[in-house]
file final.txt (compact mmCIF, C-alpha atoms)
# COMPACT_ATOMS: atom_id res chain seq x y z
CA MET H 6 161.42 254.50 46.45
CA GLY H 7 164.34 255.90 48.38
CA SER H 8 167.07 254.45 50.54
CA LEU H 9 166.09 253.18 53.95
CA GLU H 10 169.60 252.63 55.20
CA THR H 11 169.98 255.88 57.16
CA GLU H 12 168.73 256.27 60.72
CA ARG H 13 165.83 258.64 61.28
CA LYS H 14 164.58 260.51 64.32
CA THR H 15 161.00 261.08 65.35
CA THR H 16 159.14 262.59 68.30
CA GLY H 17 156.59 260.71 70.34
CA TRP H 18 154.94 261.09 73.71
CA ALA H 19 156.52 258.77 76.25
CA ALA H 20 156.02 257.60 79.81
CA ARG H 21 159.23 257.82 81.81
CA ASP H 22 158.16 256.18 85.06
CA PRO H 23 155.19 254.29 86.61
CA SER H 24 153.22 257.51 87.00
CA GLY H 25 152.28 256.86 83.38
CA PHE H 26 152.43 260.55 82.53
CA LEU H 27 153.33 261.11 78.88
CA SER H 28 155.47 263.94 77.54
CA PRO H 29 157.44 264.66 74.34
CA TYR H 30 160.40 262.38 73.66
CA THR H 31 162.64 262.46 70.59
CA TYR H 32 164.38 259.23 69.63
CA SER H 33 165.99 257.39 66.74
CA LEU H 34 164.00 254.92 64.75
CA ARG H 35 165.67 251.55 64.35
CA ASN H 36 167.81 250.97 61.29
CA THR H 37 165.59 249.88 58.44
CA GLY H 38 166.06 247.21 55.84
CA PRO H 39 164.72 245.89 52.55
CA GLU H 40 161.57 244.35 54.12
CA ASP H 41 160.59 247.52 56.01
CA VAL H 42 157.93 250.16 55.54
CA PHE H 43 158.47 253.74 56.72
CA ILE H 44 155.12 255.10 57.92
CA LYS H 45 153.90 258.57 58.82
CA VAL H 46 151.44 258.06 61.69
CA LEU H 47 148.07 259.70 61.07
CA PHE H 48 145.92 258.36 63.92
CA CYS H 49 146.41 256.04 66.90
CA GLY H 50 143.75 254.61 69.17
CA ILE H 51 144.12 254.50 72.95
CA CYS H 52 143.66 251.05 74.50
CA HIS H 53 143.29 250.14 78.18
CA THR H 54 146.50 248.13 77.79
CA ASP H 55 148.33 251.42 77.20
CA ILE H 56 147.46 252.34 80.79
CA HIS H 57 148.66 248.98 82.13
CA GLN H 58 151.95 249.33 80.28
CA ALA H 59 152.60 253.01 81.02
CA LYS H 60 151.93 252.48 84.74
CA ASN H 61 153.84 249.20 84.96
CA ASP H 62 150.73 247.40 86.20
CA LEU H 63 152.08 244.13 84.79
CA GLY H 64 155.55 244.61 86.27
CA MET H 65 157.43 244.48 82.98
CA SER H 66 157.55 248.06 81.74
CA ASN H 67 160.72 249.67 80.43
CA TYR H 68 161.12 253.43 80.14
CA PRO H 69 161.03 255.70 78.28
CA MET H 70 158.01 254.12 76.60
CA VAL H 71 155.94 255.47 73.71
CA PRO H 72 152.58 253.61 73.82
CA GLY H 73 150.09 253.07 71.02
CA HIS H 74 149.24 249.92 69.07
CA GLU H 75 146.20 250.93 67.00
CA VAL H 76 148.12 252.78 64.33
CA VAL H 77 146.91 254.06 60.97
CA GLY H 78 149.37 255.89 58.77
CA GLU H 79 150.58 256.72 55.30
CA VAL H 80 153.40 254.84 53.61
CA LEU H 81 156.20 257.30 52.86
CA GLU H 82 158.84 254.89 51.64
CA ILE H 83 159.37 251.15 51.18
CA GLY H 84 162.35 248.82 51.20
CA SER H 85 163.67 247.16 48.06
CA ASP H 86 162.01 243.82 48.83
CA VAL H 87 158.62 245.17 49.88
CA THR H 88 155.95 243.83 47.55
CA LYS H 89 152.70 244.40 49.43
CA PHE H 90 152.71 248.18 49.75
CA ALA H 91 153.49 251.36 47.85
CA ALA H 92 154.17 254.95 48.86
CA GLY H 93 151.00 256.92 49.49
CA GLU H 94 148.89 253.97 50.62
CA ILE H 95 147.05 254.04 53.95
CA VAL H 96 148.07 251.17 56.20
CA GLY H 97 147.66 249.88 59.72
CA VAL H 98 149.92 248.49 62.43
CA GLY H 99 148.62 246.61 65.47
CA CYS H 100 150.07 245.08 68.62
CA LEU H 101 152.99 243.21 67.05
CA VAL H 102 155.97 244.08 64.86
CA GLY H 103 157.93 240.82 64.90
CA CYS H 104 157.96 237.04 65.42
CA CYS H 105 160.38 234.14 65.02
CA ARG H 106 158.78 232.84 61.77
CA SER H 107 159.80 229.25 62.53
CA CYS H 108 157.60 227.99 65.40
CA ARG H 109 154.29 226.18 65.03
CA PRO H 110 152.13 229.30 65.53
CA CYS H 111 154.20 231.23 62.98
CA ASN H 112 154.00 228.39 60.46
CA THR H 113 150.21 228.20 60.78
CA ASP H 114 149.35 231.91 60.48
CA ARG H 115 148.91 232.36 64.24
CA GLU H 116 151.98 234.47 64.86
CA GLN H 117 150.27 236.34 67.71
CA TYR H 118 150.99 233.23 69.81
CA CYS H 119 154.66 233.04 68.86
CA PRO H 120 156.71 232.71 72.08
CA LYS H 121 159.22 235.17 70.63
CA LYS H 122 156.73 237.73 69.33
CA ILE H 123 157.86 241.34 69.43
CA TRP H 124 155.42 243.94 70.74
CA SER H 125 154.89 247.24 68.98
CA TYR H 126 156.23 249.00 72.05
CA ASN H 127 157.88 248.16 75.37
CA ASP H 128 159.94 245.45 73.72
CA VAL H 129 163.32 244.94 72.07
CA TYR H 130 163.63 244.45 68.32
CA THR H 131 165.98 241.94 66.72
CA ASP H 132 168.64 244.65 66.30
CA GLY H 133 168.66 245.36 70.05
CA ASN H 134 166.80 248.67 69.83
CA SER H 135 163.66 249.39 71.85
CA THR H 136 160.33 249.28 70.05
CA GLN H 137 158.17 252.37 70.38
CA GLY H 138 154.50 252.73 69.51
CA GLY H 139 152.13 254.90 67.58
CA PHE H 140 151.92 257.96 69.82
CA ALA H 141 154.68 259.29 67.57
CA GLY H 142 155.23 260.98 64.26
CA SER H 143 156.50 257.93 62.40
CA MET H 144 157.36 254.23 62.64
CA VAL H 145 159.43 251.70 60.72
CA VAL H 146 157.72 248.30 60.53
CA ASP H 147 158.41 245.00 58.79
CA GLN H 148 155.93 244.53 55.94
CA LYS H 149 154.61 241.28 57.47
CA PHE H 150 153.08 243.29 60.31
CA VAL H 151 151.53 246.00 58.16
CA VAL H 152 148.02 245.76 56.70
CA LYS H 153 146.49 247.77 53.89
CA ILE H 154 143.41 249.74 54.91
CA PRO H 155 140.61 249.11 52.38
CA ASP H 156 139.75 252.08 50.21
CA GLY H 157 136.88 254.16 51.51
CA MET H 158 137.41 253.44 55.22
CA ALA H 159 138.10 256.55 57.32
CA ALA H 160 141.54 256.33 58.91
CA GLU H 161 140.43 257.53 62.34
CA GLN H 162 137.56 255.02 62.38
CA VAL H 163 139.82 252.12 61.45
CA ALA H 164 142.40 252.64 64.22
CA PRO H 165 140.42 250.87 67.00
CA LEU H 166 139.71 247.93 64.71
CA LEU H 167 143.40 247.02 64.79
CA CYS H 168 143.11 245.97 68.45
CA ALA H 169 139.51 246.21 69.67
CA GLY H 170 138.02 244.91 66.43
CA ILE H 171 140.38 241.99 65.89
CA THR H 172 140.22 241.05 69.58
CA VAL H 173 136.54 240.18 69.06
CA TYR H 174 136.70 238.91 65.49
CA SER H 175 139.49 236.39 66.08
CA PRO H 176 137.85 234.24 68.80
CA LEU H 177 134.50 234.23 67.00
CA ASN H 178 136.30 233.08 63.87
CA HIS H 179 138.56 230.53 65.60
CA PHE H 180 135.84 228.89 67.70
CA GLY H 181 133.42 228.63 64.78
CA LEU H 182 131.04 231.21 66.19
CA THR H 183 130.40 233.10 62.96
CA GLY H 184 127.14 231.50 61.84
CA SER H 185 123.87 233.38 62.07
CA GLY H 186 121.36 232.53 64.77
CA LEU H 187 123.80 232.18 67.66
CA ARG H 188 123.07 233.83 70.99
CA GLY H 189 126.05 235.75 72.27
CA GLY H 190 126.88 237.94 75.23
CA VAL H 191 129.27 240.86 75.49
CA LEU H 192 130.46 241.57 79.01
CA GLY H 193 131.60 245.17 79.38
CA LEU H 194 130.68 247.94 76.96
CA GLY H 195 133.95 249.78 76.35
CA GLY H 196 136.25 249.97 73.35
CA VAL H 197 136.39 246.22 72.75
CA GLY H 198 132.83 245.59 73.92
CA HIS H 199 131.17 248.05 71.58
CA MET H 200 132.95 246.48 68.61
CA GLY H 201 131.91 243.08 69.94
CA VAL H 202 128.26 244.10 69.71
CA LYS H 203 128.68 245.49 66.20
CA ILE H 204 130.63 242.54 64.80
CA ALA H 205 128.39 239.90 66.41
CA LYS H 206 125.26 241.63 65.15
CA ALA H 207 126.76 241.81 61.65
CA MET H 208 127.28 238.04 61.82
CA GLY H 209 123.58 237.60 62.54
CA HIS H 210 123.80 236.86 66.27
CA HIS H 211 121.27 237.68 68.97
CA VAL H 212 123.40 239.85 71.27
CA THR H 213 122.99 240.53 74.96
CA VAL H 214 125.10 243.25 76.58
CA ILE H 215 125.98 242.47 80.20
CA SER H 216 127.00 245.38 82.38
CA SER H 217 127.30 246.30 86.05
CA SER H 218 124.70 249.08 85.78
CA ASP H 219 121.96 250.26 83.45
CA LYS H 220 123.64 253.56 82.54
CA LYS H 221 124.60 252.30 79.07
CA LYS H 222 121.32 250.54 78.34
CA VAL H 223 119.94 253.09 75.90
CA GLU H 224 123.23 253.31 74.04
CA ALA H 225 123.55 249.52 73.82
CA LEU H 226 120.04 248.93 72.54
CA GLU H 227 119.39 252.01 70.43
CA HIS H 228 122.82 253.09 69.20
CA LEU H 229 124.73 249.82 68.94
CA GLY H 230 121.82 247.55 68.07
CA ALA H 231 122.06 245.02 70.91
CA ASP H 232 118.98 242.84 71.35
CA GLU H 233 118.98 242.66 75.14
CA TYR H 234 120.65 244.36 78.09
CA LEU H 235 121.36 242.57 81.33
CA VAL H 236 122.53 244.15 84.59
CA SER H 237 124.75 241.70 86.45
CA SER H 238 123.46 242.80 89.86
CA ASP H 239 119.85 242.10 88.85
CA ALA H 240 119.40 238.67 90.40
CA GLU H 241 115.99 238.09 88.82
CA GLY H 242 117.19 239.08 85.36
CA MET H 243 120.33 236.96 85.64
CA LEU H 244 118.28 233.95 86.74
CA LYS H 245 115.89 234.41 83.86
CA ALA H 246 118.81 234.49 81.41
CA ALA H 247 120.48 231.36 82.82
CA GLU H 248 121.79 228.89 80.27
CA SER H 249 120.72 231.08 77.34
CA LEU H 250 124.00 232.11 75.71
CA ASP H 251 126.27 230.17 73.35
CA TYR H 252 129.24 232.36 74.20
CA ILE H 253 130.26 235.44 76.16
CA ILE H 254 133.07 237.77 75.09
CA ASP H 255 134.42 239.00 78.43
CA THR H 256 136.14 242.34 77.81
CA VAL H 257 136.44 243.54 81.42
CA PRO H 258 140.08 244.51 82.16
CA VAL H 259 139.82 244.44 85.97
CA PHE H 260 139.14 241.74 88.54
CA HIS H 261 135.58 240.39 88.55
CA PRO H 262 133.87 237.14 89.59
CA LEU H 263 133.27 234.60 86.82
CA GLU H 264 130.52 232.48 88.37
CA PRO H 265 127.60 234.82 87.52
CA TYR H 266 128.51 234.73 83.84
CA LEU H 267 129.24 231.01 83.65
CA SER H 268 125.65 230.46 84.76
CA LEU H 269 124.45 232.29 81.64
CA LEU H 270 126.09 229.82 79.28
CA THR H 271 124.27 226.94 77.68
CA LEU H 272 125.68 223.42 77.21
CA ASP H 273 129.17 223.67 75.67
CA GLY H 274 129.07 227.45 76.01
CA LYS H 275 132.29 229.43 76.04
CA LEU H 276 133.41 232.27 78.28
CA ILE H 277 136.13 233.97 76.24
CA LEU H 278 138.45 236.24 78.23
CA THR H 279 139.98 239.16 76.33
CA GLY H 280 140.74 241.69 79.09
CA VAL H 281 144.25 241.98 80.56
CA ILE H 282 143.89 241.40 84.33
CA ASN H 283 146.84 241.35 86.71
CA THR H 284 145.12 239.54 89.61
CA PRO H 285 143.98 235.88 89.79
CA LEU H 286 140.39 235.00 88.92
CA GLN H 287 138.39 232.25 90.66
CA PHE H 288 135.49 229.98 89.83
CA LEU H 289 133.81 226.81 91.10
CA THR H 290 134.51 223.78 88.90
CA PRO H 291 130.95 222.32 89.01
CA LEU H 292 129.77 225.36 87.06
CA LEU H 293 131.95 224.13 84.20
CA MET H 294 131.59 220.39 84.64
CA LEU H 295 127.80 220.24 84.78
CA GLY H 296 127.43 222.06 81.49
CA ARG H 297 130.68 221.08 79.77
CA LYS H 298 131.38 224.79 79.63
CA GLU H 299 134.71 226.34 78.80
CA ILE H 300 136.74 229.27 80.07
CA THR H 301 139.23 230.25 77.42
CA GLY H 302 141.24 233.24 76.32
CA SER H 303 142.07 234.92 73.06
CA PHE H 304 144.76 237.40 72.15
CA ILE H 305 144.21 239.87 69.29
CA GLY H 306 144.44 237.96 65.98
CA SER H 307 146.81 236.99 63.22
CA MET H 308 147.75 239.26 60.34
CA LYS H 309 145.62 237.08 58.07
CA GLU H 310 142.64 237.44 60.39
CA THR H 311 143.24 241.19 60.63
CA GLU H 312 142.98 241.48 56.85
CA GLU H 313 139.80 239.37 56.92
CA MET H 314 138.35 241.49 59.73
CA LEU H 315 138.98 244.73 57.84
CA ALA H 316 137.34 243.30 54.72
CA PHE H 317 134.38 242.16 56.84
CA CYS H 318 133.99 245.60 58.42
CA LYS H 319 134.22 247.24 55.00
CA GLU H 320 131.58 244.87 53.57
CA LYS H 321 129.23 245.38 56.53
CA ASP H 322 129.97 249.12 56.80
CA LEU H 323 131.06 248.75 60.43
CA THR H 324 132.78 251.65 62.15
CA SER H 325 133.95 252.30 65.67
CA MET H 326 132.44 254.99 67.87
CA ILE H 327 135.26 257.33 68.76
CA GLU H 328 136.30 260.60 70.32
CA VAL H 329 139.18 262.19 68.43
CA VAL H 330 141.69 264.17 70.51
CA LYS H 331 145.02 265.90 70.00
CA MET H 332 148.23 264.62 71.54
CA ASP H 333 148.32 267.37 74.16
CA TYR H 334 145.09 265.90 75.56
CA VAL H 335 146.45 262.35 75.79
CA ASN H 336 147.08 262.36 79.57
CA THR H 337 143.54 263.56 80.23
CA ALA H 338 142.26 260.92 77.83
CA LEU H 339 144.13 258.20 79.73
CA GLU H 340 142.65 259.43 83.02
CA ARG H 341 139.16 259.43 81.53
CA LEU H 342 139.66 255.98 80.01
CA GLU H 343 140.65 254.65 83.42
CA LYS H 344 137.28 255.90 84.69
CA ASN H 345 135.46 254.45 81.64
CA ASP H 346 134.56 258.01 80.64
CA VAL H 347 134.66 257.58 76.86
CA ARG H 348 132.21 256.46 74.19
CA TYR H 349 133.87 254.20 73.22
CA ARG H 350 137.43 254.71 72.08
CA PHE H 351 139.80 257.66 72.14
CA VAL H 352 141.74 258.16 68.92
CA VAL H 353 144.68 260.55 68.82
CA ASP H 354 144.98 262.75 65.74
CA VAL H 355 148.74 262.35 65.67
CA ALA H 356 149.37 264.02 62.31
CA GLY H 357 147.27 267.00 63.33
CA SER H 358 149.05 267.43 66.68
CA LYS H 359 152.11 269.34 67.78
CA LEU H 360 154.46 266.61 69.03
CA ASP H 361 157.57 268.60 69.87
CA PRO H 362 157.93 270.27 73.30

call {"tool": "encode", "arguments": {"input": "final.txt", "output": "structure tokens"}}
result
Amino acid sequence: MGSLETERKTTGWAARDPSGFLSPYTYSLRNTGPEDVFIKVLFCGICHTDIHQAKNDLGMSNYPMVPGHEVVGEVLEIGSDVTKFAAGEIVGVGCLVGCCRSCRPCNTDREQYCPKKIWSYNDVYTDGNSTQGGFAGSMVVDQKFVVKIPDGMAAEQVAPLLCAGITVYSPLNHFGLTGSGLRGGVLGLGGVGHMGVKIAKAMGHHVTVISSSDKKKVEALEHLGADEYLVSSDAEGMLKAAESLDYIIDTVPVFHPLEPYLSLLTLDGKLILTGVINTPLQFLTPLLMLGRKEITGSFIGSMKETEEMLAFCKEKDLTSMIEVVKMDYVNTALERLEKNDVRYRFVVDVAGSKLDP
């Protein structure tokens, strides 16, 4: 265990303006302290939110910005007060790297809802330095926001679980939707959606994939194990499926009508929004009132839930379906992701890439 008091430099790939184009960027890591873990990044998943942030779709981007919040790496060094990790261990870092630790969410292991949470990138840390993400050679992270990857899980497969996996696991866990025999829907079959199918099936649910076309039908039924496939434009099929689902995990990250999917929910059914959408959504209130249905949202999960989710995936032998790319392909990967041209998550082999210009 060495000293973590000196400032380090690393190279990442950063967006510098709303074009979202990434290129090499060398910067100083924030000063580290006794609670910190110095991590060599091995792999980092690419999330649709990375596009939103890099292109300033939400109107709050700061540049230069190094995206990436599905990070798996190796611990190189730990601070003097770090008790959870040791050098050489494989660990993960998700969407957050800080919180206030004194509010109600923080005091009840729901720090993802802390009003002063600090994002892994495009934010400002407590020392005033910008946070930068996992499309980089290394990171320094407070031990509270680091999770140990269970032995035997492939690092590249785990990366998407740290956002896509926990985004599905957390609402199912929180709303008591973990028992077998439930009938669930997954709207949108992308990075989050494909993990939704896998996790829900592992919990013993009857799973219906809902999509805008039938082009993913074979994959959903034969490769992911979904029980049914429903095309939202198929009026007859949608009518037949009315009031049949206990919940729907809505993963779609762009504007879409809610009414067709509310009609699929049974009494007390829940439509759980997980996609980041920057335009208002609309619905007719009778669709909720006449079935006591709920529209709710969920944001990633707590560190405790992330540990539980990883243990669950290890126990059930769940893995993500990925396409591994090098960093010099990242801009093409972002373009393809925007067109939904990936099955189902890009993962950047950061350690195996040339990061410097």

call {"tool": "atom_distance", "arguments": {"input": "final.txt", "atom1": "CA of Asp132 in chain H", "atom2": "CA of Arg35 in chain H"}}
result
7.8 Å

call {"tool": "closest_atom_pairs", "arguments": {"input": "final.txt", "of": "range 44-123 of chain H", "to": "range 301-312 of chain H", "cutoff": "8 Å", "atoms": "only C-alpha atoms", "output": "JSON lines"}}
result
{"residue": "H:Cys100", "atom": "CA", "partner": "H:Ile305", "partner_atom": "CA", "distance": 7.9}
{"residue": "H:Asp114", "atom": "CA", "partner": "H:Ser307", "partner_atom": "CA", "distance": 6.3}
{"residue": "H:Arg115", "atom": "CA", "partner": "H:Ser307", "partner_atom": "CA", "distance": 5.2}
{"residue": "H:Glu116", "atom": "CA", "partner": "H:Ser307", "partner_atom": "CA", "distance": 6.0}
{"residue": "H:Gln117", "atom": "CA", "partner": "H:Ser307", "partner_atom": "CA", "distance": 5.7}
{"residue": "H:Tyr118", "atom": "CA", "partner": "H:Phe304", "partner_atom": "CA", "distance": 7.9}

call {"tool": "closest_atom_pairs", "arguments": {"input": "final.txt", "of": "range 125-181 of chain H", "to": "range 278-285 of chain H", "cutoff": "12 Å", "atoms": "only C-alpha atoms", "output": "Markdown table"}}
result
| residue | atom | partner | partner_atom | distance |
| --- | --- | --- | --- | --- |
| H:Cys168 | CA | H:Thr279 | CA | 10.9 |
| H:Ala169 | CA | H:Thr279 | CA | 9.7 |
| H:Gly170 | CA | H:Thr279 | CA | 11.6 |
| H:Ile171 | CA | H:Thr279 | CA | 10.8 |
| H:Thr172 | CA | H:Thr279 | CA | 7.0 |
| H:Val173 | CA | H:Thr279 | CA | 8.1 |
| H:Tyr174 | CA | H:Thr279 | CA | 11.3 |
| H:Ser175 | CA | H:Thr279 | CA | 10.6 |
| H:Pro176 | CA | H:Thr279 | CA | 9.2 |
| H:Leu177 | CA | H:Thr279 | CA | 11.9 |

call {"tool": "residues_around", "arguments": {"input": "final.txt", "residues": "range 16-21 of chain H", "least_positions_apart": "4", "cutoff": "9 Å", "atoms": "all atoms listed in the file", "output": "count of residues only"}}
result
28

call {"tool": "closest_residue", "arguments": {"input": "final.txt", "among": "H:Cys49, H:Thr136, H:Asp239, H:Tyr349", "to": "Gly193 in chain H", "atoms": "all atoms listed in the file"}}
result
H:Tyr349

call {"tool": "residues_around", "arguments": {"input": "final.txt", "residues": "Ile56 in chain H", "least_positions_apart": "6", "cutoff": "9 Å", "atoms": "only C-alpha atoms", "output": "list in words"}}
result
Gly25, Asp62, Pro72, Leu339, Glu340, Leu342 and Glu343 of chain H

call {"tool": "residues_around", "arguments": {"input": "final.txt", "residues": "range 84-89 of chain H", "least_positions_apart": "6", "cutoff": "6 Å", "atoms": "only C-alpha atoms", "output": "count of residues only"}}
result
3

call {"tool": "atom_distance", "arguments": {"input": "final.txt", "atom1": "CA of Pro165 in chain H", "atom2": "CA of Ser107 in chain H"}}
result
29.4 Å

call {"tool": "residues_near_point", "arguments": {"input": "final.txt", "point": "(158.5, 234.9, 66.5)", "cutoff": "7 Å", "atoms": "only C-alpha atoms", "output": "list in words"}}
result
Gly103, Cys104, Cys105, Arg106, Cys111, Glu116, Cys119, Pro120, Lys121 and Lys122 of chain H

call {"tool": "residues_around", "arguments": {"input": "final.txt", "residues": "Gln58 in chain H", "least_positions_apart": "6", "cutoff": "8 Å", "atoms": "all atoms listed in the file", "output": "mmCIF file with C-alpha atoms, keeping the file's coordinate frame"}}
result
data_model
loop_
_atom_site.group_PDB
_atom_site.id
_atom_site.type_symbol
_atom_site.label_atom_id
_atom_site.label_comp_id
_atom_site.auth_asym_id
_atom_site.auth_seq_id
_atom_site.Cartn_x
_atom_site.Cartn_y
_atom_site.Cartn_z
ATOM 1 C CA MET H 65 157.430 244.480 82.980
ATOM 2 C CA SER H 66 157.550 248.060 81.740
ATOM 3 C CA PRO H 72 152.580 253.610 73.820
ATOM 4 C CA ASN H 127 157.880 248.160 75.370
#

call {"tool": "atom_distance", "arguments": {"input": "final.txt", "atom1": "CA of Gly195 in chain H", "atom2": "CA of Leu289 in chain H"}}
result
27.3 Å

call {"tool": "closest_atom_pairs", "arguments": {"input": "final.txt", "of": "range 249-316 of chain H", "to": "range 206-211 of chain H", "cutoff": "12 Å", "atoms": "only C-alpha atoms", "output": "Markdown table"}}
result
| residue | atom | partner | partner_atom | distance |
| --- | --- | --- | --- | --- |
| H:Ser249 | CA | H:His211 | CA | 10.7 |
| H:Leu250 | CA | H:His211 | CA | 9.2 |
| H:Asp251 | CA | H:His211 | CA | 10.0 |
| H:Tyr252 | CA | H:His210 | CA | 10.6 |
| H:Ile253 | CA | H:His211 | CA | 11.7 |
| H:Met314 | CA | H:Ala207 | CA | 11.8 |

call {"tool": "closest_residue", "arguments": {"input": "final.txt", "among": "H:Glu75, H:Val352, H:Ile277, H:Val96", "to": "Gln148 in chain H", "atoms": "only C-alpha atoms"}}
result
H:Val96

call {"tool": "residues_around", "arguments": {"input": "final.txt", "residues": "Phe351 in chain H", "least_positions_apart": "5", "cutoff": "6 Å", "atoms": "all atoms listed in the file", "output": "JSON, numbers by chain"}}
result
{"H": [50, 51, 327, 328, 329]}

call {"tool": "closest_residue", "arguments": {"input": "final.txt", "among": "H:Gly189, H:Pro258, H:Gly357, H:Pro291", "to": "Leu270 in chain H", "atoms": "all atoms listed in the file"}}
result
H:Gly189

call {"tool": "closest_residue", "arguments": {"input": "final.txt", "among": "H:Ala246, H:Val42, H:Ala159, H:Val212", "to": "Gly186 in chain H", "atoms": "only C-alpha atoms"}}
result
H:Val212

call {"tool": "closest_residue", "arguments": {"input": "final.txt", "among": "H:Leu47, H:Leu63, H:Ile300, H:Ile204", "to": "Glu161 in chain H", "atoms": "all atoms listed in the file"}}
result
H:Leu47
